[in-house]
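Let me begin by presenting the structure, written as structure tokens, before commenting on it.
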Amino acid sequence: MQLEPIRCGESMGLSVRKMLSRKHRITQADAARFLQQASFGARPGEVEQLQEMGMKAWLRQQRELPISSHLAKLDGWYREDESGGKRQIDRADVWWYHALFGEDQLRQRMAFALSQILVVSRNADRLSVSAKVLADYYDLLTQHALGNYRDLLKAVTLSPAMGTYLSMMSNQKADLAKNRFPDENYAREVMQLFSIGLHLLNADGTPKRDSNGKLIPTYSQSDIEALARVFTGWYTPGSCDAGNCDVNPDWFAPMQPDESRHDSDEKWILGEYFPPGQSAEQELEQAIDLLFNHPNTPAFISHQLIQRLTHSNPSPRYVERVANQFRDNGNGQRGDLYAVVEAILLDPENRINRSGQPRKVREPLVAMASLARALEMEIAGERMLDYFKSYSAFGQAPLAAPSVFNFFRPDYSQGQVETKELVAPELEIINWNTYILFNNRLWNVVRSRDVGADGTLFYASTGIAALLDEPESYLDWLNTYLFAGRMPGDLRQILLDYLAAIPPNQVTRRIQDPLYLAVSSPEFMLQE
């Protein structure tokens, strides 16, 4: 597995423009691969639909679709815990519901990517029993996923979920008599993880270096301390009953300022002067502008989004082209996330792969969702149990990262990938334990053919069974919807040989066995 970036020249740009042209019908493999990146996977019929309408038209249509709400769906869900709140297991079910059945796939896919950058997790005291508050935070991400990054950064900063997770809520100005100082947690992470990163970057995301070849820090401890003073005086009224913030309506609105707790003295942050006498709101606006307009932010955020959607090792030119769309969407607007994701998906380096090698390991949640969507899984009855074992089978779960640093590091590398000086972030959570648990879930989905009981998921196999008369057709279907056209020839032959050995009257085995062999192969977890 090489996960190599490719070099992109003028001929490649011409090829992509031809591919995007209405006069040039894109191939099945191109369409399936695009949907693998831009959504949680293709459902039957969607590949052909994309071929007909084109990639740009599909993106524009997705932008205009109504936003699927996690909180609204959770409010109508069926279970409550003893305190009257919704359970985290139900919130995970709602995430699966929108991943599998939501029409606004691009928005939901982007929200999932953003949830791994602007991390909030249930692994915090009050949030662990506040599923509705976390669903509301996820809705904040979906609302801004195709909007403006500045608006998103401000909304995240004032979110009660973030306020409690990174302890900005009720942060107060210093009181030396009480040996009290502003909490630095959010000030540090909003710079390190949410905006400018640790080191100064060139326009293409490569690090700048000083005359001695050393990396140049973007901020100092004094910058953290000053920014922590900016983030004083914000709170959420009321309290959480037994730690369950779901019962407090104030936790579903932005935090409010308390000027008596805000440090309004002058400050210097990243070389910018914050004059004395400003209100908490004025200083927050100035700080958000400072981070949003920092030269680092476009490349820093663009690189992470590229990693989540398309390439683990994008070339500097790819990063710079996407970052340029962040800097200016062509209409003078900075931070347009729709322009950013369009640039990521339609970039020549992404659309044309001359090496033929995979360039990303798929996240387990995304891979599982793609299988369920390809099988057009349905809910039996009026509810869905925790069918996927969301918090134990994948090494990841929505809004459940072990820390603010996500489930895996963006620079994680091991084995042959490390030898080639490349990275494969997702490999950090794909170990023997998660591999076994994940494959058990895969088998659970594969064997759920036509046997839906109340509260479970199942898939109707009529359409697949019709393909069995022509084994090559079944393999073509697997190749398109599960591998985006890149099933290796040797794997295809193994599946054909296996299928040929199963008697024609054993329909269940003829459907399930090749399907499971396909999705349990290493190639299923790779993305070109």
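Letters for chains follow the order of the structure tokens (A, B, ...), residue numbers begin at 1 for each chain, and ligand numbers begin at 1 in the order shown.
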Any idea what's packed within 12 Å of A:Gln62, counting only C-alpha atoms, ignoring anything in its chain fewer than 6 positions away? Could you give it as a ChimeraX atom specification? /A:35,38-39,50,55-56,68,102-110,145-146,338,341-342
Please produce a file of those selected residues containing N, CA and C atoms, as a JSON list (two decimals), in the first residue's frame.
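Saved to part.json:
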```json
[["chain", "number", "residue", "atom", "x", "y", "z"],
["A", 35, "LEU", "N", -18.61, 9.60, -5.43],
["A", 35, "LEU", "CA", -19.59, 9.44, -4.35],
["A", 35, "LEU", "C", -18.97, 8.81, -3.12],
["A", 38, "ALA", "N", -17.44, 12.02, -1.60],
["A", 38, "ALA", "CA", -18.31, 13.16, -1.30],
["A", 38, "ALA", "C", -19.51, 12.80, -0.44],
["A", 39, "SER", "N", -19.72, 11.52, -0.20],
["A", 39, "SER", "CA", -20.89, 11.08, 0.56],
["A", 39, "SER", "C", -20.48, 9.89, 1.42],
["A", 50, "LEU", "N", -25.54, 10.36, -11.09],
["A", 50, "LEU", "CA", -24.40, 11.28, -11.15],
["A", 50, "LEU", "C", -23.80, 11.32, -12.55],
["A", 55, "MET", "N", -20.76, 16.12, -12.03],
["A", 55, "MET", "CA", -20.28, 16.34, -10.66],
["A", 55, "MET", "C", -20.62, 17.73, -10.13],
["A", 56, "LYS", "N", -20.41, 18.74, -10.95],
["A", 56, "LYS", "CA", -20.69, 20.11, -10.48],
["A", 56, "LYS", "C", -22.18, 20.31, -10.20],
["A", 68, "SER", "N", -30.51, 17.96, 7.28],
["A", 68, "SER", "CA", -31.03, 16.91, 8.17],
["A", 68, "SER", "C", -30.57, 17.20, 9.59],
["A", 102, "GLY", "N", -29.95, 9.97, 4.88],
["A", 102, "GLY", "CA", -30.03, 11.41, 4.65],
["A", 102, "GLY", "C", -29.80, 11.76, 3.19],
["A", 103, "GLU", "N", -30.58, 12.69, 2.68],
["A", 103, "GLU", "CA", -30.41, 13.14, 1.30],
["A", 103, "GLU", "C", -29.24, 14.11, 1.17],
["A", 104, "ASP", "N", -29.00, 14.91, 2.22],
["A", 104, "ASP", "CA", -27.94, 15.93, 2.17],
["A", 104, "ASP", "C", -26.59, 15.29, 2.51],
["A", 105, "GLN", "N", -26.16, 14.36, 1.66],
["A", 105, "GLN", "CA", -24.97, 13.57, 1.91],
["A", 105, "GLN", "C", -23.69, 14.40, 1.97],
["A", 106, "LEU", "N", -23.54, 15.35, 1.08],
["A", 106, "LEU", "CA", -22.33, 16.17, 1.08],
["A", 106, "LEU", "C", -22.20, 16.93, 2.40],
["A", 107, "ARG", "N", -23.29, 17.51, 2.85],
["A", 107, "ARG", "CA", -23.28, 18.27, 4.10],
["A", 107, "ARG", "C", -22.96, 17.37, 5.29],
["A", 108, "GLN", "N", -23.60, 16.18, 5.33],
["A", 108, "GLN", "CA", -23.35, 15.26, 6.43],
["A", 108, "GLN", "C", -21.92, 14.73, 6.41],
["A", 109, "ARG", "N", -21.40, 14.49, 5.22],
["A", 109, "ARG", "CA", -20.02, 14.00, 5.10],
["A", 109, "ARG", "C", -19.03, 15.07, 5.55],
["A", 110, "MET", "N", -19.29, 16.31, 5.17],
["A", 110, "MET", "CA", -18.43, 17.42, 5.60],
["A", 110, "MET", "C", -18.53, 17.62, 7.11],
["A", 145, "ALA", "N", -21.45, 23.54, 7.57],
["A", 145, "ALA", "CA", -20.53, 22.69, 6.82],
["A", 145, "ALA", "C", -20.27, 23.18, 5.41],
["A", 146, "LEU", "N", -21.25, 23.81, 4.80],
["A", 146, "LEU", "CA", -21.10, 24.37, 3.46],
["A", 146, "LEU", "C", -21.21, 25.89, 3.47],
["A", 338, "TYR", "N", -18.03, 25.66, 1.00],
["A", 338, "TYR", "CA", -18.54, 25.00, -0.21],
["A", 338, "TYR", "C", -17.50, 25.08, -1.32],
["A", 341, "VAL", "N", -14.71, 22.52, -0.44],
["A", 341, "VAL", "CA", -14.98, 21.10, -0.69],
["A", 341, "VAL", "C", -15.12, 20.83, -2.19],
["A", 342, "GLU", "N", -15.66, 21.78, -2.94],
["A", 342, "GLU", "CA", -15.72, 21.62, -4.39],
["A", 342, "GLU", "C", -14.31, 21.52, -4.97]]
```
Step one, run DSSP on the backbone; step two, keep only residues of stretch 48-296 of chain A assigned to strand (DSSP E or B); then write them as a PyMOL selection string. chain A and resi 148+175+180+199+201+207+209+215+217+234-235+241+244+256-257+267-269+272-274
Exercise: stretch 120-128 of chain A partners within 9 Å, only C-alpha atoms, chain neighbours under 3 positions left out, as a CSV table (one decimal) with N, CA and C atoms, in the first residue's frame:
```csv
chain,number,residue,atom,x,y,z
A,88,GLN,N,-26.8,8.3,24.8
A,88,GLN,CA,-25.8,8.4,23.8
A,88,GLN,C,-25.9,7.3,22.7
A,115,SER,N,-16.2,17.4,12.4
A,115,SER,CA,-16.3,16.9,13.8
A,115,SER,C,-14.9,16.3,14.3
A,116,GLN,N,-14.0,16.0,13.4
A,116,GLN,CA,-12.7,15.5,13.7
A,116,GLN,C,-11.7,16.6,13.7
A,131,ALA,N,-26.7,13.8,25.7
A,131,ALA,CA,-26.8,13.4,24.3
A,131,ALA,C,-27.4,14.4,23.4
A,133,VAL,N,-27.5,17.7,23.9
A,133,VAL,CA,-26.5,18.8,23.7
A,133,VAL,C,-25.5,18.5,22.6
A,134,LEU,N,-25.0,17.2,22.6
A,134,LEU,CA,-24.1,16.8,21.5
A,134,LEU,C,-24.7,16.8,20.2
A,137,TYR,N,-24.8,20.2,19.0
A,137,TYR,CA,-23.4,20.6,18.5
A,137,TYR,C,-23.2,20.0,17.1
A,161,ALA,N,-21.5,23.2,24.4
A,161,ALA,CA,-20.8,21.9,24.4
A,161,ALA,C,-19.3,22.1,24.3
A,162,MET,N,-18.8,23.0,23.5
A,162,MET,CA,-17.4,23.3,23.4
A,162,MET,C,-16.9,24.0,24.7
A,164,THR,N,-17.9,23.7,27.7
A,164,THR,CA,-17.7,22.8,28.8
A,164,THR,C,-16.6,21.8,28.5
A,165,TYR,N,-16.4,21.4,27.2
A,165,TYR,CA,-15.4,20.4,26.9
A,165,TYR,C,-14.0,20.9,27.0
A,166,LEU,N,-13.8,22.2,26.6
A,166,LEU,CA,-12.5,22.8,26.7
A,166,LEU,C,-12.5,23.9,27.7
A,240,CYS,N,-27.0,22.2,35.4
A,240,CYS,CA,-27.3,20.9,34.8
A,240,CYS,C,-27.8,20.0,35.9
A,242,ALA,N,-28.0,17.0,37.9
A,242,ALA,CA,-27.3,15.8,38.0
A,242,ALA,C,-26.3,15.6,36.8
A,243,GLY,N,-25.8,16.7,36.3
A,243,GLY,CA,-24.9,16.7,35.2
A,243,GLY,C,-25.5,16.5,33.9
A,244,ASN,N,-26.8,16.3,33.8
A,244,ASN,CA,-27.5,16.2,32.5
A,244,ASN,C,-27.9,17.5,32.0
A,245,CYS,N,-27.2,18.1,31.0
A,245,CYS,CA,-27.5,19.4,30.5
A,245,CYS,C,-28.6,19.4,29.5
A,398,PRO,N,-19.2,8.8,16.4
A,398,PRO,CA,-19.5,10.2,16.3
A,398,PRO,C,-19.4,10.9,17.6
A,399,LEU,N,-18.6,12.0,17.6
A,399,LEU,CA,-18.5,12.8,18.8
A,399,LEU,C,-18.1,12.0,20.0
A,400,ALA,N,-17.1,11.1,19.8
A,400,ALA,CA,-16.7,10.2,20.9
A,400,ALA,C,-15.2,10.0,20.9
A,401,ALA,N,-14.4,11.0,20.4
A,401,ALA,CA,-13.0,10.9,20.4
A,401,ALA,C,-12.4,10.8,21.8
A,402,PRO,N,-11.3,10.1,22.0
A,402,PRO,CA,-10.7,10.0,23.3
A,402,PRO,C,-10.1,11.3,23.8
A,403,SER,N,-9.9,12.3,22.9
A,403,SER,CA,-9.3,13.6,23.3
A,403,SER,C,-9.6,14.6,22.2
A,404,VAL,N,-9.2,15.8,22.5
A,404,VAL,CA,-9.4,16.9,21.5
A,404,VAL,C,-8.6,16.6,20.3
A,406,ASN,N,-8.6,14.0,18.4
A,406,ASN,CA,-9.4,13.2,17.5
A,406,ASN,C,-9.0,11.7,17.8
```
Restrict the calculation to only C-alpha atoms, then for each residue of stretch 153-232 of chain A with any atom at most 6 Å from an atom of stretch 250-270 of chain A give the closest atom pair and their distance in Å to one decimal, rows by chain and rising residue number, as a tab-separated table.
```
residue	atom	partner	partner_atom	distance
A:Leu158	CA	A:Pro254	CA	5.1
A:Ser159	CA	A:Pro254	CA	5.3
A:Pro160	CA	A:Trp251	CA	5.7
A:Gln172	CA	A:Arg261	CA	5.0
A:Lys173	CA	A:Asp263	CA	4.9
A:Asp223	CA	A:Ile269	CA	5.1
A:Arg229	CA	A:Asp263	CA	5.8
A:Thr232	CA	A:His262	CA	4.8
```
I'd like the neighbourhood of A:Asp183 as a VMD selection string, where a residue qualifies if any of its atoms comes within 7 Å (using only C-alpha atoms), though same-chain residues fewer than 2 positions away should be ignored. chain A and resid 168 171 181 185 228
Convert the current residue selection to file output with C-alpha atoms, as a PDB file, in the first residue's frame.
```pdb
ATOM      1  CA  MET A 168     -14.000  28.091  28.485  1.00  0.00           C
ATOM      2  CA  ASN A 171     -13.815  31.425  32.511  1.00  0.00           C
ATOM      3  CA  PHE A 181      -6.006  32.915  36.495  1.00  0.00           C
ATOM      4  CA  ASN A 185      -7.388  25.334  27.511  1.00  0.00           C
ATOM      5  CA  ALA A 228      -7.217  33.160  27.428  1.00  0.00           C
TER       6      ALA A 228
END
```
Which residues are near stretch 437-449 of chain A? Cut-off 8 Å, only C-alpha atoms, ignore same chain within fewer than 5 positions. Put them as an NGL selection string. :A and (364 or 368 or 372 or 388-389 or 392-394 or 457-461 or 512 or 515-516 or 519-520)
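Using only C-alpha atoms, the smallest distance between any of A:Lys132, A:His199, A:Arg63, A:Arg486 and A:Trp77 comes from A:Lys132.
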To one decimal in Å, tell me the separation between atom CA of A:Ser521 and atom CA of A:Ile430.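 Interatomic distance, atom CA of A:Ser521 to atom CA of A:Ile430: 13.6 Å.
Candidate residues A:Asn179, A:Ser220, A:Ser167, A:Thr297 were compared for distance to A:Ala203, and the nearest is A:Thr297, using only C-alpha atoms.
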When distances are computed from only C-alpha atoms, which of A:Met377, A:Ile224, A:Ala287, A:Leu422 shows the smallest separation from A:Gly452?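 Nearest candidate to A:Gly452 out of A:Met377, A:Ile224, A:Ala287, A:Leu422: A:Met377.
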Between atom CA of A:Leu114 and atom CA of A:Leu141, what distance in Å does the model show, to one decimal? 6.9 Å
Backbone DSSP call of helix (DSSP H, G or I) for stretch 291-508 of chain A, listed as number ranges by chain: A: 291-292, 297-309, 316-327, 337-346, 348-351, 364-374, 415-419, 425-428, 432-446, 462-465, 471-483, 489-500, 507-508
Smallest atom-to-atom distance to A:Pro298: which of A:Ser195, A:Ser370, A:Ser390, A:Ser239, using only C-alpha atoms? A:Ser195
Extract, using only C-alpha atoms, all DNA, RNA and protein residues at most 12 Å from A:Tyr481, discarding same-chain residues fewer than 3 positions from it, and format them as a VMD selection string. chain A and resid 28 to 36 40 to 48 367 369 to 376 474 to 478 484 to 487 515 518 to 519 524
Give me a file of those residues, with C-alpha atoms, as an mmCIF file, in the first residue's frame.
```
data_model
loop_
_atom_site.group_PDB
_atom_site.id
_atom_site.type_symbol
_atom_site.label_atom_id
_atom_site.label_comp_id
_atom_site.auth_asym_id
_atom_site.auth_seq_id
_atom_site.Cartn_x
_atom_site.Cartn_y
_atom_site.Cartn_z
ATOM 1 C CA GLN A 28 -19.268 4.369 -13.703
ATOM 2 C CA ALA A 29 -15.977 4.063 -11.848
ATOM 3 C CA ASP A 30 -15.473 7.852 -11.861
ATOM 4 C CA ALA A 31 -18.981 8.416 -10.514
ATOM 5 C CA ALA A 32 -18.704 5.704 -7.861
ATOM 6 C CA ARG A 33 -15.333 7.020 -6.731
ATOM 7 C CA PHE A 34 -16.656 10.568 -6.503
ATOM 8 C CA LEU A 35 -19.590 9.435 -4.355
ATOM 9 C CA GLN A 36 -17.242 7.408 -2.181
ATOM 10 C CA PHE A 40 -21.183 8.035 2.792
ATOM 11 C CA GLY A 41 -21.289 5.848 -0.315
ATOM 12 C CA ALA A 42 -23.451 5.266 -3.368
ATOM 13 C CA ARG A 43 -26.890 3.707 -3.164
ATOM 14 C CA PRO A 44 -28.092 1.763 -6.223
ATOM 15 C CA GLY A 45 -29.116 4.194 -8.951
ATOM 16 C CA GLU A 46 -27.031 7.092 -7.630
ATOM 17 C CA VAL A 47 -24.004 6.239 -9.767
ATOM 18 C CA GLU A 48 -26.112 6.438 -12.919
ATOM 19 C CA ALA A 367 -16.563 2.036 5.083
ATOM 20 C CA ALA A 369 -21.852 3.153 5.982
ATOM 21 C CA SER A 370 -20.896 2.638 2.340
ATOM 22 C CA LEU A 371 -21.741 -1.078 2.603
ATOM 23 C CA ALA A 372 -25.103 -0.382 4.242
ATOM 24 C CA ARG A 373 -25.963 2.223 1.606
ATOM 25 C CA ALA A 374 -24.936 -0.072 -1.261
ATOM 26 C CA LEU A 375 -27.243 -2.755 0.138
ATOM 27 C CA GLU A 376 -30.054 -0.195 0.560
ATOM 28 C CA TYR A 474 -22.679 -9.736 -9.529
ATOM 29 C CA LEU A 475 -18.938 -9.069 -9.448
ATOM 30 C CA ASP A 476 -19.445 -5.932 -11.545
ATOM 31 C CA TRP A 477 -21.989 -4.721 -8.990
ATOM 32 C CA LEU A 478 -19.613 -5.401 -6.088
ATOM 33 C CA ALA A 484 -15.540 2.256 -6.825
ATOM 34 C CA GLY A 485 -14.221 0.315 -9.810
ATOM 35 C CA ARG A 486 -10.847 -0.630 -8.335
ATOM 36 C CA MET A 487 -11.358 -4.269 -7.266
ATOM 37 C CA LEU A 515 -20.101 -10.322 -0.384
ATOM 38 C CA ALA A 518 -15.172 -8.845 -0.649
ATOM 39 C CA VAL A 519 -15.785 -6.480 2.285
ATOM 40 C CA PHE A 524 -12.235 -2.724 0.702
#
```
Considering only C-alpha atoms, state which residue in the set A:Val94, A:Ala226, A:Ile117, A:Leu517 is at the smallest distance from A:Ile306.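 Of A:Val94, A:Ala226, A:Ile117, A:Leu517, the one nearest A:Ile306, counting only C-alpha atoms, is A:Ile117.
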Within 10 Å of A:Ile301 using only C-alpha atoms, minus same-chain residues under 2 positions, as a PyMOL selection string: chain A and resi 114+117+149+193-197+205+296-299+303-306+319+322-323+326+335+340
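When atom CA of A:Ile344 is paired with atom CA of A:Arg150, their separation reads 19.1 Å.
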